[in-house]
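**Q** Got a structure here, written out as structure tokens. Questions coming.
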Amino acid sequence: MPDRTPPVAFEGSVPDPLRHHGDAEVSDDLVDLAVNVRLTQPPEWLARALVEELGSVASYPDATRAVDALAARHGVAREQVLPTSGGAEAFTLVARALTPTDAVVVHPQFTEPEAALRAAGHEVRHVLLRAEEGFALTPEALGQIGDADLVVIGNPTNPTGVLHPADAIRTLVRPGRVVLVDEAFVDAVPGERESLLDGDLAGLLVVRSLTKTWAVAGIRAGYVVGDAELVTALAAHQPHWSVGSLALRLMTETATPAALAEAARAADEFTIWRAHLTRGLHALGVPTGGEAAPFVLARVGAGVHGALRDAGWAVRRGDTFPGLDPTWVRIAVRDPHTIDGLLRELGHILHRRTA
């Protein structure tokens, strides 16, 4: 039997590191660079559509139009699409529907999939990608996956920001194995390059989220696209009407050509803003992770997370992600003016520590 990874050991003020997320770091008196939602409110055209949908909420939700829109958007059959109440519900459905004997989570990455698997009684094994190797999916890491029958990986990965080559992830697909790919942030990648939805979906489940790009985290809108047999298995464990009318309308509206074009422009803007942040961090001598997400993983040093909070800046602590320690933080990409303010404060903090 393969070695099992125990639940994350953590010393600090977080009772369950796997359930800690950026929203817990935010308060009204802090500049929010901890949460990766792009806007402070939805675009006007989307807000109007959601307000219009309120006139129909006396009826039970019907996912037909949303499924049709998502299937058309990705060029797949309806049977390969399942709307979910955010990406988090998708991970819970996987944990309920599947019975893995050797579940591997490739870390550092978003911790909800592992939390869901453990809550359902499954043991979980870690494969840790290394900072000194750029958190890349190396041949050594691929070898450590071994004979796992469930592999969970993010692309681009939260929090490292690394975009793994789709071909490398596809090498994981084999009979008797399910490969679950969290693509919650791939719509912030220009052209959605390296998405696993561009190709054969046998043995694959791809989870998408709409809440970050469209500033609707409170609505909970996500979906799964993948192997039709696996999607059907997940659907069998989903409660009736778990995805509400507003979320379904959101899926329909954001799958249109005009909405996709707007998302593409936002991805291009993120690229420019992220480069500004990364250059500034490097100028301060701060190492960073990958460069393909609407956030940057930065090794600012021990105690800097708290010092930034004391100075009025909320960034996401890194030490609740398996494989990272307290020297790491995740910084959401914002406009250059906001980022310049963060960089100035970070520069002051680092200078005081070396003076």
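Ordering of the structure tokens sets the chain letters (A, B, ...); residue numbers start at 1 within each chain; ligands are numbered from 1 in the order shown.
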Quick one: contact table of region 55-111 of chain A to region 179-201 of chain A, 12 Å max, nearest atom pair and distance in Å to one decimal per residue, counting only C-alpha atoms, chain and number order, as a Markdown table?
**A**
```
| residue | atom | partner | partner_atom | distance |
| --- | --- | --- | --- | --- |
| A:Leu70 | CA | A:Leu197 | CA | 11.9 |
| A:Ala71 | CA | A:Leu197 | CA | 11.1 |
| A:Arg73 | CA | A:Leu197 | CA | 10.7 |
| A:His74 | CA | A:Leu197 | CA | 7.2 |
| A:Gly75 | CA | A:Leu197 | CA | 9.0 |
| A:Val76 | CA | A:Leu197 | CA | 8.9 |
| A:Ala77 | CA | A:Leu201 | CA | 11.1 |
| A:Gln80 | CA | A:Leu201 | CA | 8.9 |
| A:Val81 | CA | A:Leu197 | CA | 11.4 |
| A:Gly86 | CA | A:Ala184 | CA | 9.7 |
| A:Gly87 | CA | A:Ala184 | CA | 7.4 |
| A:Ala88 | CA | A:Asp182 | CA | 10.2 |
| A:Ala90 | CA | A:Asp182 | CA | 9.8 |
| A:Phe91 | CA | A:Leu180 | CA | 9.0 |
| A:Leu93 | CA | A:Leu180 | CA | 11.8 |
| A:Val94 | CA | A:Leu180 | CA | 8.7 |
| A:Ala95 | CA | A:Leu180 | CA | 11.1 |
| A:Leu98 | CA | A:Leu180 | CA | 11.4 |
| A:Pro100 | CA | A:Val179 | CA | 11.4 |
| A:Ala103 | CA | A:Val179 | CA | 10.1 |
| A:Val104 | CA | A:Val179 | CA | 9.7 |
| A:Val105 | CA | A:Leu180 | CA | 9.4 |
| A:Val106 | CA | A:Val181 | CA | 10.3 |
| A:Gln109 | CA | A:Asp182 | CA | 9.3 |
| A:Phe110 | CA | A:Asp182 | CA | 8.5 |
| A:Thr111 | CA | A:Asp182 | CA | 10.9 |
```
**Q** Output as an mmCIF file with C-alpha atoms, in the first residue's frame all residues of region 222-267 of chain A that backbone DSSP marks as strand (DSSP E).
**A**
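Dumped to part-v1.cif:
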```cif
data_model
loop_
_atom_site.group_PDB
_atom_site.id
_atom_site.type_symbol
_atom_site.label_atom_id
_atom_site.label_comp_id
_atom_site.auth_asym_id
_atom_site.auth_seq_id
_atom_site.Cartn_x
_atom_site.Cartn_y
_atom_site.Cartn_z
ATOM 1 C CA GLY A 222 -19.437 26.727 -11.232
ATOM 2 C CA TYR A 223 -19.643 23.671 -13.418
ATOM 3 C CA VAL A 224 -17.986 20.419 -14.381
ATOM 4 C CA VAL A 225 -17.151 19.321 -17.915
ATOM 5 C CA GLY A 226 -15.746 15.913 -18.625
#
```
**Q** Within 6 Å of region 318-330 of chain A, counting only C-alpha atoms, which residues qualify if same-chain residues fewer than 6 places away don't, as a short mmCIF file (atom, residue, chain, number, x, y, z; two decimals) with C-alpha atoms, in the first residue's frame?
**A**
```cif
data_model
loop_
_atom_site.label_atom_id
_atom_site.label_comp_id
_atom_site.auth_asym_id
_atom_site.auth_seq_id
_atom_site.Cartn_x
_atom_site.Cartn_y
_atom_site.Cartn_z
CA PRO A 17 -5.81 24.85 7.42
CA PRO A 108 0.58 23.18 -3.24
CA VAL A 296 1.29 36.00 -7.54
CA LEU A 297 2.87 33.69 -4.99
CA ALA A 298 5.69 35.58 -3.27
CA ARG A 299 8.30 34.52 -0.73
CA VAL A 300 8.36 37.70 1.35
CA GLY A 301 9.83 36.17 4.51
CA ALA A 302 8.61 35.11 7.92
#
```
**Q** Mind the document's chain letters and residue numbers, and return as a ChimeraX atom specification the residues of region 223-351 of chain A that DSSP labels helix (DSSP H, G or I).
**A** /A:228-235,245-253,257-283,304-310,336-351
**Q** Which one is closest to Tyr60 (chain A): A:Leu350, A:Leu248, A:Ala263, A:Ile331? Count only C-alpha atoms.
**A** A:Leu248
**Q** What lies within 12 Å of Ile272 (chain A) using only C-alpha atoms, ignoring chain neighbours under 3 positions off, as an NGL selection string?
**A** :A and (188-190 or 265-269 or 275-279 or 291-294 or 333-336)
**Q** Export, as a PDB file, in the first residue's frame, the selected residues with N, CA, C and O atoms.
**A**
```pdb
ATOM      1  N   ALA A 188      -8.686  33.491 -16.742  1.00  0.00           N
ATOM      2  CA  ALA A 188      -7.798  34.647 -16.612  1.00  0.00           C
ATOM      3  C   ALA A 188      -6.499  34.440 -17.386  1.00  0.00           C
ATOM      4  O   ALA A 188      -5.610  35.292 -17.333  1.00  0.00           O
ATOM      5  N   VAL A 189      -6.404  33.333 -18.111  1.00  0.00           N
ATOM      6  CA  VAL A 189      -5.244  33.035 -18.952  1.00  0.00           C
ATOM      7  C   VAL A 189      -5.602  33.400 -20.391  1.00  0.00           C
ATOM      8  O   VAL A 189      -6.595  32.897 -20.927  1.00  0.00           O
ATOM      9  N   PRO A 190      -4.849  34.272 -21.036  1.00  0.00           N
ATOM     10  CA  PRO A 190      -5.183  34.633 -22.421  1.00  0.00           C
ATOM     11  C   PRO A 190      -5.317  33.404 -23.309  1.00  0.00           C
ATOM     12  O   PRO A 190      -4.436  32.534 -23.336  1.00  0.00           O
ATOM     13  N   ARG A 265     -10.508  40.193 -22.799  1.00  0.00           N
ATOM     14  CA  ARG A 265      -9.862  41.497 -22.581  1.00  0.00           C
ATOM     15  C   ARG A 265      -9.373  41.618 -21.141  1.00  0.00           C
ATOM     16  O   ARG A 265      -8.287  42.162 -20.877  1.00  0.00           O
ATOM     17  N   ALA A 266     -10.174  41.105 -20.211  1.00  0.00           N
ATOM     18  CA  ALA A 266      -9.757  41.139 -18.808  1.00  0.00           C
ATOM     19  C   ALA A 266      -8.514  40.288 -18.588  1.00  0.00           C
ATOM     20  O   ALA A 266      -7.615  40.674 -17.820  1.00  0.00           O
ATOM     21  N   ALA A 267      -8.430  39.150 -19.259  1.00  0.00           N
ATOM     22  CA  ALA A 267      -7.241  38.299 -19.133  1.00  0.00           C
ATOM     23  C   ALA A 267      -6.005  39.010 -19.648  1.00  0.00           C
ATOM     24  O   ALA A 267      -4.920  38.923 -19.056  1.00  0.00           O
ATOM     25  N   ASP A 268      -6.151  39.736 -20.746  1.00  0.00           N
ATOM     26  CA  ASP A 268      -5.018  40.506 -21.278  1.00  0.00           C
ATOM     27  C   ASP A 268      -4.591  41.598 -20.293  1.00  0.00           C
ATOM     28  O   ASP A 268      -3.394  41.852 -20.108  1.00  0.00           O
ATOM     29  N   GLU A 269      -5.574  42.242 -19.680  1.00  0.00           N
ATOM     30  CA  GLU A 269      -5.265  43.285 -18.704  1.00  0.00           C
ATOM     31  C   GLU A 269      -4.557  42.692 -17.490  1.00  0.00           C
ATOM     32  O   GLU A 269      -3.574  43.277 -16.976  1.00  0.00           O
ATOM     33  N   ALA A 275       2.472  41.438 -14.559  1.00  0.00           N
ATOM     34  CA  ALA A 275       3.872  41.717 -14.875  1.00  0.00           C
ATOM     35  C   ALA A 275       4.372  42.906 -14.058  1.00  0.00           C
ATOM     36  O   ALA A 275       5.528  42.920 -13.593  1.00  0.00           O
ATOM     37  N   HIS A 276       3.517  43.905 -13.870  1.00  0.00           N
ATOM     38  CA  HIS A 276       3.891  45.068 -13.064  1.00  0.00           C
ATOM     39  C   HIS A 276       4.176  44.646 -11.626  1.00  0.00           C
ATOM     40  O   HIS A 276       5.183  45.070 -11.020  1.00  0.00           O
ATOM     41  N   LEU A 277       3.303  43.821 -11.063  1.00  0.00           N
ATOM     42  CA  LEU A 277       3.489  43.335  -9.700  1.00  0.00           C
ATOM     43  C   LEU A 277       4.753  42.485  -9.591  1.00  0.00           C
ATOM     44  O   LEU A 277       5.563  42.668  -8.662  1.00  0.00           O
ATOM     45  N   THR A 278       4.944  41.583 -10.527  1.00  0.00           N
ATOM     46  CA  THR A 278       6.096  40.685 -10.468  1.00  0.00           C
ATOM     47  C   THR A 278       7.410  41.456 -10.585  1.00  0.00           C
ATOM     48  O   THR A 278       8.372  41.192  -9.848  1.00  0.00           O
ATOM     49  N   ARG A 279       7.456  42.426 -11.499  1.00  0.00           N
ATOM     50  CA  ARG A 279       8.669  43.240 -11.630  1.00  0.00           C
ATOM     51  C   ARG A 279       8.976  43.975 -10.324  1.00  0.00           C
ATOM     52  O   ARG A 279      10.132  44.051  -9.895  1.00  0.00           O
ATOM     53  N   GLU A 291       3.621  32.608 -13.373  1.00  0.00           N
ATOM     54  CA  GLU A 291       3.131  33.880 -13.912  1.00  0.00           C
ATOM     55  C   GLU A 291       1.986  33.653 -14.886  1.00  0.00           C
ATOM     56  O   GLU A 291       2.002  34.137 -16.014  1.00  0.00           O
ATOM     57  N   ALA A 292       0.960  32.920 -14.432  1.00  0.00           N
ATOM     58  CA  ALA A 292      -0.146  32.614 -15.333  1.00  0.00           C
ATOM     59  C   ALA A 292      -1.496  32.704 -14.649  1.00  0.00           C
ATOM     60  O   ALA A 292      -2.457  32.095 -15.108  1.00  0.00           O
ATOM     61  N   ALA A 293      -1.592  33.486 -13.566  1.00  0.00           N
ATOM     62  CA  ALA A 293      -2.844  33.543 -12.807  1.00  0.00           C
ATOM     63  C   ALA A 293      -3.109  34.976 -12.370  1.00  0.00           C
ATOM     64  O   ALA A 293      -2.219  35.828 -12.432  1.00  0.00           O
ATOM     65  N   PRO A 294      -4.317  35.265 -11.899  1.00  0.00           N
ATOM     66  CA  PRO A 294      -4.622  36.620 -11.422  1.00  0.00           C
ATOM     67  C   PRO A 294      -4.128  36.861 -10.000  1.00  0.00           C
ATOM     68  O   PRO A 294      -4.735  37.596  -9.230  1.00  0.00           O
ATOM     69  N   VAL A 333      -3.682  40.111  -7.986  1.00  0.00           N
ATOM     70  CA  VAL A 333      -3.313  41.139  -8.954  1.00  0.00           C
ATOM     71  C   VAL A 333      -4.389  42.232  -8.948  1.00  0.00           C
ATOM     72  O   VAL A 333      -5.577  41.940  -9.051  1.00  0.00           O
ATOM     73  N   ARG A 334      -3.945  43.454  -8.818  1.00  0.00           N
ATOM     74  CA  ARG A 334      -4.833  44.613  -8.873  1.00  0.00           C
ATOM     75  C   ARG A 334      -4.241  45.639  -9.843  1.00  0.00           C
ATOM     76  O   ARG A 334      -3.188  45.417 -10.448  1.00  0.00           O
ATOM     77  N   ASP A 335      -4.890  46.768  -9.958  1.00  0.00           N
ATOM     78  CA  ASP A 335      -4.415  47.823 -10.847  1.00  0.00           C
ATOM     79  C   ASP A 335      -3.063  48.339 -10.377  1.00  0.00           C
ATOM     80  O   ASP A 335      -2.720  48.226  -9.186  1.00  0.00           O
ATOM     81  N   PRO A 336      -2.249  48.891 -11.276  1.00  0.00           N
ATOM     82  CA  PRO A 336      -0.903  49.337 -10.905  1.00  0.00           C
ATOM     83  C   PRO A 336      -0.856  50.340  -9.759  1.00  0.00           C
ATOM     84  O   PRO A 336       0.084  50.316  -8.958  1.00  0.00           O
TER      85      PRO A 336
END
```
**Q** Just the residues within 12 Å of Pro139 (chain A), please, counting only C-alpha atoms, with nothing from its chain fewer than 5 positions along; format it as a CSV table (one decimal) with C-alpha atoms, in the first residue's frame.
**A**
```
chain,number,residue,atom,x,y,z
A,127,VAL,CA,2.7,14.8,-4.2
A,129,LEU,CA,5.9,20.2,-6.2
A,133,GLU,CA,11.9,23.6,-9.5
A,144,GLN,CA,5.5,9.8,-7.4
A,145,ILE,CA,1.8,9.7,-8.5
A,146,GLY,CA,2.4,5.9,-9.0
A,168,ALA,CA,1.8,16.8,-19.3
A,169,ILE,CA,-1.5,16.4,-17.4
A,171,THR,CA,0.0,11.8,-19.6
A,172,LEU,CA,-1.7,11.0,-16.2
```
**Q** May I ask which of the residues A:Asp167, A:Asp32, A:Asp23, A:Glu123 is the closest one to Gly312 (chain A), counting only C-alpha atoms?
**A**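 Smallest separation from Gly312 (chain A) among the options: A:Asp32.
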**Q** Need to verify the contact set: Arg309 (chain A), 10 Å, only C-alpha atoms, exclusion of same-chain residues closer than 2 positions in sequence. Can you return it as a list of chain:residue names?
**A** A:Glu25, A:Val26, A:Asp29, A:Leu30, A:Val31, A:Val304, A:His305, A:Gly306, A:Ala307, A:Ala311, A:Gly312, A:Trp313, A:Ala314, A:Val315
**Q** Convert the current residue selection to file output with C-alpha atoms, as a PDB file, in the first residue's frame.
**A**
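Contents of the output file out-v4.pdb:
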```
ATOM      1  CA  GLU A  25      -8.196  37.459   5.771  1.00  0.00           C
ATOM      2  CA  VAL A  26     -10.297  40.437   4.654  1.00  0.00           C
ATOM      3  CA  ASP A  29     -10.081  48.390   7.347  1.00  0.00           C
ATOM      4  CA  LEU A  30      -7.661  46.499   5.053  1.00  0.00           C
ATOM      5  CA  VAL A  31      -6.860  46.855   1.362  1.00  0.00           C
ATOM      6  CA  VAL A 304       5.810  39.831   6.682  1.00  0.00           C
ATOM      7  CA  HIS A 305       2.214  38.635   6.280  1.00  0.00           C
ATOM      8  CA  GLY A 306       1.412  39.998   9.734  1.00  0.00           C
ATOM      9  CA  ALA A 307       3.435  43.169   9.199  1.00  0.00           C
ATOM     10  CA  ALA A 311       0.085  48.343   7.864  1.00  0.00           C
ATOM     11  CA  GLY A 312      -3.403  47.958   6.366  1.00  0.00           C
ATOM     12  CA  TRP A 313      -2.833  45.355   3.632  1.00  0.00           C
ATOM     13  CA  ALA A 314      -4.519  41.950   3.439  1.00  0.00           C
ATOM     14  CA  VAL A 315      -2.624  39.284   1.495  1.00  0.00           C
TER      15      VAL A 315
END
```
